$ cat my_file_15.tsv   # TSV, C-alpha atoms
chain	number	residue	atom	x	y	z
A	1	MET	CA	7.79	36.23	0.75
A	2	THR	CA	10.36	36.23	-1.98
A	3	HIS	CA	9.80	35.18	-5.56
A	4	GLY	CA	11.57	31.86	-5.07
A	5	ALA	CA	9.39	31.00	-2.11
A	6	TRP	CA	6.24	31.51	-4.19
A	7	ASP	CA	7.71	29.24	-6.87
A	8	THR	CA	8.19	26.54	-4.26
A	9	VAL	CA	4.62	26.94	-3.04
A	10	ALA	CA	3.28	26.65	-6.60
A	11	ASP	CA	5.39	23.55	-7.21
A	12	VAL	CA	4.16	21.87	-4.02
A	13	VAL	CA	0.51	22.66	-4.77
A	14	SER	CA	0.95	21.41	-8.32
A	15	MET	CA	2.42	18.15	-7.05
A	16	ILE	CA	-0.53	17.70	-4.69
A	17	CYS	CA	-2.96	18.28	-7.57
A	18	LEU	CA	-1.11	15.83	-9.81
A	19	LEU	CA	-1.20	13.23	-7.04
A	20	GLY	CA	-4.93	13.75	-6.62
A	21	GLY	CA	-5.58	13.37	-10.34
A	22	ALA	CA	-3.45	10.24	-10.59
A	23	PHE	CA	-5.26	8.76	-7.59
A	24	LEU	CA	-8.61	9.38	-9.27
A	25	ALA	CA	-7.39	7.64	-12.44
A	26	PHE	CA	-6.33	4.69	-10.31
A	27	ALA	CA	-9.69	4.67	-8.53
A	28	ALA	CA	-11.44	4.65	-11.90
A	29	GLY	CA	-9.41	1.63	-12.97
A	30	VAL	CA	-10.33	-0.26	-9.81
A	31	GLY	CA	-13.98	0.78	-10.04
A	32	VAL	CA	-14.42	-0.13	-13.67
A	33	LEU	CA	-12.93	-3.54	-13.02
A	34	ARG	CA	-14.87	-4.38	-9.89
A	35	PHE	CA	-18.30	-2.78	-10.28
A	36	PRO	CA	-21.09	-5.12	-11.36
A	37	ASP	CA	-22.96	-3.44	-14.21
A	38	LEU	CA	-22.76	-0.80	-16.90
A	39	LEU	CA	-24.14	2.18	-15.03
A	40	SER	CA	-21.96	1.74	-11.96
A	41	ARG	CA	-18.94	1.32	-14.22
A	42	MET	CA	-19.87	4.56	-15.93
A	43	HIS	CA	-20.08	6.15	-12.48
A	44	ALA	CA	-16.55	5.00	-11.70
A	45	GLY	CA	-15.27	6.04	-15.10
A	46	THR	CA	-16.42	9.63	-14.92
A	47	LYS	CA	-14.27	10.48	-11.88
A	48	PRO	CA	-11.01	11.05	-13.76
A	49	GLN	CA	-12.82	12.40	-16.80
A	50	VAL	CA	-13.77	15.67	-15.16
A	51	LEU	CA	-12.46	16.10	-11.60
A	52	GLY	CA	-9.29	14.15	-12.20
A	53	LEU	CA	-8.58	15.99	-15.43
A	54	VAL	CA	-9.22	19.35	-13.77
A	55	LEU	CA	-6.83	18.46	-10.94
A	56	VAL	CA	-4.10	17.26	-13.29
A	57	LEU	CA	-4.40	20.31	-15.52
A	58	VAL	CA	-4.40	22.71	-12.55
A	59	GLY	CA	-1.22	20.99	-11.45
A	60	LEU	CA	0.24	21.36	-14.92
A	61	ALA	CA	-0.77	25.03	-15.11
A	62	LEU	CA	0.81	25.79	-11.74
A	63	ARG	CA	3.99	24.18	-12.96
A	64	LEU	CA	4.10	25.83	-16.40
A	65	ARG	CA	3.06	29.32	-15.18
A	66	SER	CA	2.92	30.82	-18.68
A	67	GLY	CA	-0.09	32.55	-20.22
A	68	GLY	CA	-0.70	30.82	-23.54
A	69	ALA	CA	-0.30	27.26	-22.36
A	70	VAL	CA	-2.65	27.85	-19.44
A	71	TRP	CA	-5.38	29.10	-21.78
A	72	ALA	CA	-4.99	25.97	-23.89
A	73	LEU	CA	-5.46	23.93	-20.70
A	74	VAL	CA	-8.64	25.86	-19.92
A	75	LEU	CA	-9.77	24.94	-23.44
A	76	VAL	CA	-9.13	21.25	-22.72
A	77	VAL	CA	-11.23	21.42	-19.56
A	78	VAL	CA	-14.06	23.21	-21.37
A	79	PHE	CA	-14.06	20.62	-24.17
A	80	GLN	CA	-14.10	17.81	-21.67
A	81	MET	CA	-16.97	19.35	-19.73
A	82	LEU	CA	-18.94	19.78	-22.96
A	83	THR	CA	-18.29	16.32	-24.38
A	84	ALA	CA	-18.28	14.04	-21.34
A	85	PRO	CA	-22.03	14.45	-20.63
A	86	VAL	CA	-22.87	13.81	-24.29
A	87	ALA	CA	-20.79	10.64	-24.40
A	88	ALA	CA	-22.21	9.45	-21.08
A	89	HIS	CA	-25.75	10.10	-22.28
A	90	MET	CA	-25.19	8.16	-25.50
A	91	VAL	CA	-23.61	5.20	-23.70
A	92	GLY	CA	-26.30	5.10	-21.02
A	93	ARG	CA	-29.08	5.31	-23.60
A	94	ALA	CA	-27.62	2.56	-25.74
A	95	GLY	CA	-27.08	0.45	-22.63
A	96	PHE	CA	-30.67	0.88	-21.50
A	97	ARG	CA	-32.12	0.10	-24.90
A	98	THR	CA	-30.01	-2.98	-25.42
A	99	GLY	CA	-30.76	-4.38	-21.98
A	100	LYS	CA	-27.38	-3.90	-20.32
A	101	VAL	CA	-28.82	-2.16	-17.26
A	102	ARG	CA	-29.53	-4.42	-14.32
A	103	SER	CA	-32.80	-3.21	-12.88
A	104	ASP	CA	-32.30	-5.07	-9.60
A	105	LEU	CA	-29.38	-2.77	-8.76
A	106	LEU	CA	-31.26	0.44	-9.42
A	107	VAL	CA	-32.64	2.47	-6.53
A	108	VAL	CA	-34.77	4.68	-8.76
A	109	ASP	CA	-35.81	3.67	-12.27
A	110	GLU	CA	-37.88	6.51	-13.63
A	111	LEU	CA	-37.46	5.65	-17.29
A	112	THR	CA	-38.98	2.17	-17.04
A	113	ARG	CA	-41.82	3.59	-14.96
A	114	ASP	CA	-42.51	6.27	-17.57
A	115	LEU	CA	-42.29	3.77	-20.45
A	116	ASP	CA	-44.74	1.49	-18.67
A	117	ALA	CA	-47.09	4.40	-18.15
A	118	ARG	CA	-46.84	5.27	-21.83
A	119	ASP	CA	-47.47	1.68	-22.88
A	120	ALA	CA	-50.51	1.54	-20.63
A	121	ALA	CA	-51.79	4.76	-22.19
A	122	ASP	CA	-51.17	3.41	-25.69
A	123	GLY	CA	-53.09	0.28	-24.96
A	124	GLY	CA	-50.09	-1.96	-25.17
A	125	ASN	CA	-49.22	-1.70	-28.86
A	126	GLY	CA	-45.72	-0.40	-28.26
A	127	GLY	CA	-44.24	-3.68	-27.19
A	128	THR	CA	-40.81	-3.37	-28.72
A	129	ASP	CA	-38.87	-1.64	-25.96
A	130	ALA	CA	-35.80	-3.36	-24.65
A	131	ARG	CA	-36.19	-3.32	-20.92
A	132	PRO	CA	-33.23	-3.63	-18.60
A	133	GLY	CA	-32.64	-7.14	-17.44
A	134	ASN	CA	-34.30	-9.05	-20.23
A	135	GLY	CA	-30.95	-9.87	-21.72
A	136	SER	CA	-31.48	-10.62	-25.35
A	137	GLY	CA	-33.83	-7.80	-26.24
A	138	THR	CA	-36.50	-8.28	-28.85
A	139	ASP	CA	-35.02	-9.99	-31.83
A	140	GLY	CA	-34.30	-13.46	-30.62
A	141	GLY	CA	-30.57	-13.14	-31.16
A	142	SER	CA	-30.26	-13.89	-34.85
A	143	SER	CA	-26.79	-13.48	-36.28
A	144	ALA	CA	-26.03	-9.79	-36.36
A	145	GLY	CA	-23.94	-8.31	-39.12
A	146	ASN	CA	-24.95	-10.33	-42.15
A	147	GLY	CA	-28.70	-9.76	-42.00
A	148	ARG	CA	-28.53	-6.91	-44.43
A	149	GLY	CA	-31.90	-5.36	-44.99
A	150	ALA	CA	-33.80	-8.02	-43.11
A	151	ASP	CA	-35.55	-6.13	-40.36
A	152	ASP	CA	-35.46	-8.91	-37.82
A	153	GLY	CA	-31.87	-9.86	-38.46
A	154	THR	CA	-30.04	-6.62	-37.83
A	155	GLY	CA	-30.14	-6.61	-34.07
A	156	THR	CA	-31.72	-3.19	-34.18
A	157	VAL	CA	-33.73	-1.97	-31.23
A	158	ARG	CA	-36.60	0.26	-32.22
A	159	THR	CA	-38.59	2.21	-29.71
B	1	MET	CA	9.46	15.80	-6.27
B	2	ASN	CA	10.91	12.62	-7.74
B	3	VAL	CA	8.95	10.49	-5.31
B	4	VAL	CA	5.74	12.25	-6.27
B	5	VAL	CA	6.40	11.69	-9.96
B	6	VAL	CA	7.10	7.99	-9.43
B	7	VAL	CA	3.96	7.56	-7.32
B	8	CYS	CA	1.83	9.42	-9.86
B	9	SER	CA	3.08	7.38	-12.79
B	10	ALA	CA	2.61	4.15	-10.85
B	11	LEU	CA	-1.00	5.08	-10.04
B	12	LEU	CA	-1.68	6.02	-13.66
B	13	VAL	CA	-0.14	2.84	-15.05
B	14	VAL	CA	-2.02	0.60	-12.62
B	15	GLY	CA	-5.29	2.43	-13.31
B	16	ALA	CA	-4.88	2.10	-17.06
B	17	GLY	CA	-3.91	-1.56	-16.68
B	18	LEU	CA	-7.06	-2.34	-14.68
B	19	ALA	CA	-9.15	-0.54	-17.29
B	20	VAL	CA	-7.52	-2.61	-20.03
B	21	VAL	CA	-8.37	-5.77	-18.09
B	22	ARG	CA	-12.00	-4.65	-18.04
B	23	ALA	CA	-11.83	-3.90	-21.76
B	24	GLU	CA	-10.71	-7.48	-22.35
B	25	LYS	CA	-13.30	-9.04	-20.02
B	26	GLY	CA	-16.12	-6.58	-20.61
B	27	PRO	CA	-19.31	-8.51	-21.26
B	28	SER	CA	-20.59	-5.93	-23.73
B	29	MET	CA	-19.32	-3.41	-26.24
B	30	LEU	CA	-20.34	-0.51	-24.01
B	31	ASP	CA	-18.30	-1.75	-21.06
B	32	ARG	CA	-15.29	-1.82	-23.36
B	33	THR	CA	-16.09	1.68	-24.54
B	34	ILE	CA	-16.10	2.97	-20.98
B	35	ALA	CA	-12.89	1.15	-20.15
B	36	LEU	CA	-11.14	2.59	-23.21
B	37	ASP	CA	-12.44	6.04	-22.31
B	38	ILE	CA	-10.67	5.63	-19.00
B	39	VAL	CA	-7.51	4.57	-20.80
B	40	VAL	CA	-7.67	7.72	-22.93
B	41	THR	CA	-8.21	9.90	-19.86
B	42	THR	CA	-5.28	8.21	-18.16
B	43	MET	CA	-3.15	8.93	-21.22
B	44	LEU	CA	-4.19	12.58	-20.97
B	45	ALA	CA	-3.12	12.62	-17.34
B	46	GLY	CA	0.15	10.91	-18.20
B	47	ILE	CA	1.00	13.44	-20.89
B	48	ALA	CA	0.09	16.26	-18.52
B	49	LEU	CA	2.36	14.71	-15.88
B	50	TYR	CA	5.20	14.55	-18.39
B	51	ALA	CA	4.64	18.19	-19.36
B	52	ALA	CA	4.60	19.21	-15.70
B	53	VAL	CA	7.79	17.37	-14.83
B	54	TYR	CA	9.88	18.69	-17.72
B	55	ARG	CA	8.03	22.03	-18.03
B	56	ARG	CA	7.19	21.27	-21.65
B	57	ALA	CA	4.49	23.71	-22.74
B	58	ASP	CA	4.68	22.44	-26.34
B	59	VAL	CA	2.83	19.17	-25.64
B	60	VAL	CA	-0.31	21.02	-24.54
B	61	PRO	CA	-1.91	20.84	-28.05
B	62	ILE	CA	-1.71	17.04	-27.79
B	63	LEU	CA	-3.97	17.29	-24.74
B	64	VAL	CA	-6.52	19.33	-26.71
B	65	VAL	CA	-6.56	16.85	-29.58
B	66	LEU	CA	-6.81	13.78	-27.31
B	67	SER	CA	-9.72	15.21	-25.33
B	68	LEU	CA	-11.68	15.70	-28.56
B	69	VAL	CA	-10.82	12.38	-30.21
B	70	GLY	CA	-11.80	10.31	-27.17
B	71	PHE	CA	-15.28	11.81	-27.31
B	72	VAL	CA	-15.81	10.91	-30.97
B	73	GLY	CA	-14.90	7.27	-30.39
B	74	SER	CA	-17.25	6.59	-27.51
B	75	VAL	CA	-20.18	8.38	-29.12
B	76	THR	CA	-19.75	6.45	-32.35
B	77	ILE	CA	-19.66	3.08	-30.60
B	78	ALA	CA	-22.66	3.96	-28.46
B	79	ARG	CA	-24.61	4.99	-31.54
B	80	PHE	CA	-24.07	1.66	-33.25
B	81	ALA	CA	-24.26	-0.59	-30.20
B	82	SER	CA	-26.60	-3.47	-30.87
B	83	VAL	CA	-28.23	-6.25	-28.95
B	84	GLU	CA	-25.56	-8.90	-28.69
B	85	PRO	CA	-26.65	-12.51	-28.75
B	86	GLU	CA	-25.74	-14.56	-25.71
B	87	GLY	CA	-22.11	-15.59	-25.71
B	88	GLU	CA	-20.88	-13.09	-28.29
B	89	GLY	CA	-19.68	-10.54	-25.77
B	90	ARG	CA	-16.20	-11.94	-25.43
B	91	VAL	CA	-13.07	-12.41	-27.47
B	92	ARG	CA	-13.32	-15.66	-29.37
B	93	THR	CA	-10.54	-18.15	-29.71
B	94	ARG	CA	-8.89	-18.91	-33.01
B	95	GLU	CA	-10.64	-22.28	-33.37
B	96	GLU	CA	-14.08	-20.80	-32.80
B	97	ILE	CA	-13.45	-18.13	-35.42
B	98	ALA	CA	-12.27	-20.76	-37.91
B	99	ALA	CA	-15.37	-22.89	-37.26
B	100	GLU	CA	-17.68	-19.92	-37.75
B	101	GLU	CA	-15.90	-18.93	-40.92
B	102	ALA	CA	-16.24	-22.44	-42.36
B	103	GLU	CA	-19.93	-22.52	-41.46
B	104	ARG	CA	-20.55	-19.15	-43.09
B	105	ARG	CA	-18.70	-20.20	-46.22
B	106	ALA	CA	-20.71	-23.41	-46.47
B	107	ALA	CA	-23.94	-21.44	-46.14
B	108	GLU	CA	-22.81	-19.07	-48.88
B	109	GLU	CA	-21.91	-21.96	-51.16
B	110	SER	CA	-25.27	-23.65	-50.67
B	111	SER	CA	-27.21	-20.41	-51.26
B	112	ARG	CA	-25.21	-19.74	-54.42
B	113	ALA	CA	-25.89	-23.24	-55.69
B	114	GLU	CA	-29.57	-22.72	-54.98
B	115	ALA	CA	-29.57	-19.41	-56.86
B	116	GLU	CA	-27.87	-21.02	-59.87
B	117	GLY	CA	-30.42	-23.80	-59.85
B	118	ALA	CA	-33.17	-21.20	-59.88
B	119	VAL	CA	-31.53	-19.36	-62.80
B	120	THR	CA	-31.13	-22.48	-64.95
B	121	GLY	CA	-34.68	-23.58	-64.14
B	122	ASP	CA	-37.75	-21.59	-65.04
B	123	HIS	CA	-38.20	-18.09	-63.64
B	124	HIS	CA	-41.24	-18.62	-61.53
B	125	GLU	CA	-39.62	-16.88	-58.57
B	126	SER	CA	-37.93	-13.50	-58.80
B	127	PRO	CA	-34.83	-12.98	-56.65
B	128	PRO	CA	-35.54	-11.13	-53.42
B	129	VAL	CA	-35.06	-7.39	-53.90
B	130	ASP	CA	-33.77	-5.56	-50.89
B	131	ALA	CA	-35.58	-2.23	-50.77
B	132	ASP	CA	-33.48	-0.78	-47.99
B	133	GLU	CA	-30.27	-1.42	-49.86
B	134	HIS	CA	-31.08	0.97	-52.67
B	135	HIS	CA	-32.37	3.74	-50.47
B	136	GLY	CA	-29.43	3.86	-48.13
B	137	GLY	CA	-31.25	2.36	-45.18
B	138	GLY	CA	-30.00	2.37	-41.64
B	139	ALA	CA	-26.77	0.67	-40.75
B	140	ALA	CA	-26.92	-2.79	-39.25
B	141	GLY	CA	-27.21	-2.69	-35.51
B	142	GLU	CA	-27.97	0.98	-35.18
B	143	VAL	CA	-29.68	2.12	-32.00
B	144	ARG	CA	-32.47	4.54	-32.73

$ encode --input "my_file_15.tsv" --output "structure tokens"
Amino acid sequence: MTHGAWDTVADVVSMICLLGGAFLAFAAGVGVLRFPDLLSRMHAGTKPQVLGLVLVLVGLALRLRSGGAVWALVLVVVFQMLTAPVAAHMVGRAGFRTGKVRSDLLVVDELTRDLDARDAADGGNGGTDARPGNGSGTDGGSSAGNGRGADDGTGTVRT
Amino acid sequence: MNVVVVVCSALLVVGAGLAVVRAEKGPSMLDRTIALDIVVTTMLAGIALYAAVYRRADVVPILVVLSLVGFVGSVTIARFASVEPEGEGRVRTREEIAAEEAERRAAEESSRAEAEGAVTGDHHESPPVDADEHHGGGAAGEVR
């Protein structure tokens, strides 16, 4: 094949990749709007964060076809792969501890099982965990934000 | 080529719009965080699409910066997410905010009047000292 033919092939493949990435972003928008609780919304939201981004950047790299820019794109993908799990872990942890996880939608809930086992082993003195589904958590919903220093007024969840 | 670009941008715009709708509705802070994460990712994809269409290699550093900044935002919000009382997980109307503000101001006024009364009277009761305040205690609403 000639040089020009390879350019055409690269352009077509890049367009397909861009289409795939854009479709994943669209799917994330639909999913995050329609899914019922925090964890399933996180599930929808992670599609374009890694796979969609990889597809879009592969498309961009095939279109740019120059060394330096492509290495910067590899850097973007590596950053995203390092940071997306950390962000997802923090959001999921905060959601679980503040009772945003609906336990009736979970198929497997190993954390609640383990916490219950720990509480049983402790003899039931660790009663301050915010379990999914109990809504208001432990502090009775006093006004958050102005309860400076008052331990029961800060909305803090201690485990 | 042109058709593909139009379809891609339409998909990205609709996806970001749906995520913004969820950020407005989102019952909790964390739902909004996720929705805004998706908006940031869609912006990344949009900038990459622009760079691909016009072969602009000079916007690639913007992609690097955006991918890092989006991470910082969501982690910070998740760290300080707190248990929200029932009914606070939505955008309040102007009247509700005004009512709350008036209530808070009245409470402040009454507590100040009380404190002044205590000062002019005898000092049988010392003012409450907040121990956490002087030791740099945890921020309000922090998830540990």

$ atom_distance --input "my_file_15.tsv" --atom1 "CA of Val32 (chain A)" --atom2 "CA of Leu51 (chain A)"
16.5 Å

$ atom_distance --input "my_file_15.tsv" --atom1 "CA of Phe23 (chain A)" --atom2 "CA of Val7 (chain B)"
9.3 Å

$ atom_distance --input "my_file_15.tsv" --atom1 "CA of Gly59 (chain A)" --atom2 "CA of Leu18 (chain A)"
5.4 Å

$ closest_residue --input "my_file_15.tsv" --among "A:Val78, A:Ala27, A:Ala10, A:Leu115" --to "chain B" --atoms "all atoms listed in the file"
A:Ala27

$ closest_residue --input "my_file_15.tsv" --among "B:Ala78, B:Val5, B:Ile47, B:Ala23" --to "chain A" --atoms "all atoms listed in the file"
B:Ala78

$ residues_around --input "my_file_15.tsv" --residues "region 57-60 of chain B" --least-positions-apart "6" --cutoff "10 Å" --atoms "only C-alpha atoms" --output "PyMOL selection string"
(chain A and resi 57+60-61+63-66+68-73+76) or (chain B and resi 44+47-48+50-51)

$ write_last_selection --input "my_file_15.tsv" --atoms "C-alpha atoms" --output "tab-separated table (two decimals), in the frame of the given file"
chain	number	residue	atom	x	y	z
A	57	LEU	CA	-4.40	20.31	-15.52
A	60	LEU	CA	0.24	21.36	-14.92
A	61	ALA	CA	-0.77	25.03	-15.11
A	63	ARG	CA	3.99	24.18	-12.96
A	64	LEU	CA	4.10	25.83	-16.40
A	65	ARG	CA	3.06	29.32	-15.18
A	66	SER	CA	2.92	30.82	-18.68
A	68	GLY	CA	-0.70	30.82	-23.54
A	69	ALA	CA	-0.30	27.26	-22.36
A	70	VAL	CA	-2.65	27.85	-19.44
A	71	TRP	CA	-5.38	29.10	-21.78
A	72	ALA	CA	-4.99	25.97	-23.89
A	73	LEU	CA	-5.46	23.93	-20.70
A	76	VAL	CA	-9.13	21.25	-22.72
B	44	LEU	CA	-4.19	12.58	-20.97
B	47	ILE	CA	1.00	13.44	-20.89
B	48	ALA	CA	0.09	16.26	-18.52
B	50	TYR	CA	5.20	14.55	-18.39
B	51	ALA	CA	4.64	18.19	-19.36

$ closest_residue --input "my_file_15.tsv" --among "A:Val74, A:Ala87, A:Cys17, A:Val12" --to "chain B" --atoms "only C-alpha atoms"
A:Ala87

$ closest_residue --input "my_file_15.tsv" --among "A:Asp109, A:Trp6, A:Val91, A:Val54" --to "Phe79 (chain A)" --atoms "all atoms listed in the file"
A:Val54

$ closest_residue --input "my_file_15.tsv" --among "B:Glu109, B:Ala45, B:Glu24, B:Glu103" --to "chain A" --atoms "all atoms listed in the file"
B:Ala45

$ axis_aligned_box --input "my_file_15.tsv" --around "region 111-121 of chain A" --padding-each-side "8 Å" --output "lines of an AutoDock Vina configuration file"
center_x = -44.6
center_y = 3.9
center_z = -18.9
size_x = 30.3
size_y = 20.8
size_z = 23.9

$ closest_residue --input "my_file_15.tsv" --among "B:Leu68, B:Ala52, B:Ala19, B:Val14" --to "Ala84 (chain A)" --atoms "only C-alpha atoms"
B:Leu68

$ residues_near_point --input "my_file_15.tsv" --point "(-9.8, 6.0, -13.7)" --cutoff "10 Å" --atoms "all atoms listed in the file" --output "PyMOL selection string"
(chain A and resi 21-32+44-49+52) or (chain B and resi 11-12+14-16+18-19+35+37-42)

$ residues_around --input "my_file_15.tsv" --residues "Met29 (chain B)" --least-positions-apart "3" --cutoff "7 Å" --atoms "all atoms listed in the file" --output "list in words"
Arg32, Thr33 and Ala81 of chain B

$ build_atoms --input "my_file_15.tsv" --residues "region 79-97 of chain A" --atoms "N, CA and C atoms" --output "tab-separated table (two decimals), in the frame of the given file"
chain	number	residue	atom	x	y	z
A	79	PHE	N	-13.67	21.69	-23.25
A	79	PHE	CA	-14.06	20.62	-24.17
A	79	PHE	C	-14.52	19.39	-23.42
A	80	GLN	N	-13.76	19.03	-22.40
A	80	GLN	CA	-14.10	17.81	-21.67
A	80	GLN	C	-15.45	17.96	-20.98
A	81	MET	N	-15.69	19.15	-20.42
A	81	MET	CA	-16.97	19.35	-19.73
A	81	MET	C	-18.13	19.39	-20.71
A	82	LEU	N	-17.87	19.80	-21.97
A	82	LEU	CA	-18.94	19.78	-22.96
A	82	LEU	C	-19.19	18.37	-23.50
A	83	THR	N	-18.14	17.59	-23.68
A	83	THR	CA	-18.29	16.32	-24.38
A	83	THR	C	-18.56	15.15	-23.46
A	84	ALA	N	-18.08	15.19	-22.23
A	84	ALA	CA	-18.28	14.04	-21.34
A	84	ALA	C	-19.76	13.75	-21.08
A	85	PRO	N	-20.61	14.77	-20.82
A	85	PRO	CA	-22.03	14.45	-20.63
A	85	PRO	C	-22.67	13.86	-21.87
A	86	VAL	N	-22.27	14.34	-23.06
A	86	VAL	CA	-22.87	13.81	-24.29
A	86	VAL	C	-22.50	12.33	-24.45
A	87	ALA	N	-21.22	12.03	-24.26
A	87	ALA	CA	-20.79	10.64	-24.40
A	87	ALA	C	-21.47	9.76	-23.36
A	88	ALA	N	-21.58	10.25	-22.12
A	88	ALA	CA	-22.21	9.45	-21.08
A	88	ALA	C	-23.68	9.23	-21.39
A	89	HIS	N	-24.34	10.25	-21.92
A	89	HIS	CA	-25.75	10.10	-22.28
A	89	HIS	C	-25.92	9.06	-23.37
A	90	MET	N	-25.07	9.12	-24.40
A	90	MET	CA	-25.19	8.16	-25.50
A	90	MET	C	-24.95	6.73	-25.00
A	91	VAL	N	-23.93	6.55	-24.17
A	91	VAL	CA	-23.61	5.20	-23.70
A	91	VAL	C	-24.73	4.69	-22.80
A	92	GLY	N	-25.24	5.54	-21.91
A	92	GLY	CA	-26.30	5.10	-21.02
A	92	GLY	C	-27.57	4.76	-21.77
A	93	ARG	N	-27.89	5.54	-22.78
A	93	ARG	CA	-29.08	5.31	-23.60
A	93	ARG	C	-28.96	4.00	-24.36
A	94	ALA	N	-27.81	3.81	-25.00
A	94	ALA	CA	-27.62	2.56	-25.74
A	94	ALA	C	-27.66	1.38	-24.79
A	95	GLY	N	-27.06	1.54	-23.59
A	95	GLY	CA	-27.08	0.45	-22.63
A	95	GLY	C	-28.48	0.12	-22.17
A	96	PHE	N	-29.29	1.14	-21.93
A	96	PHE	CA	-30.67	0.88	-21.50
A	96	PHE	C	-31.45	0.19	-22.59
A	97	ARG	N	-31.30	0.65	-23.82
A	97	ARG	CA	-32.12	0.10	-24.90
A	97	ARG	C	-31.69	-1.28	-25.32
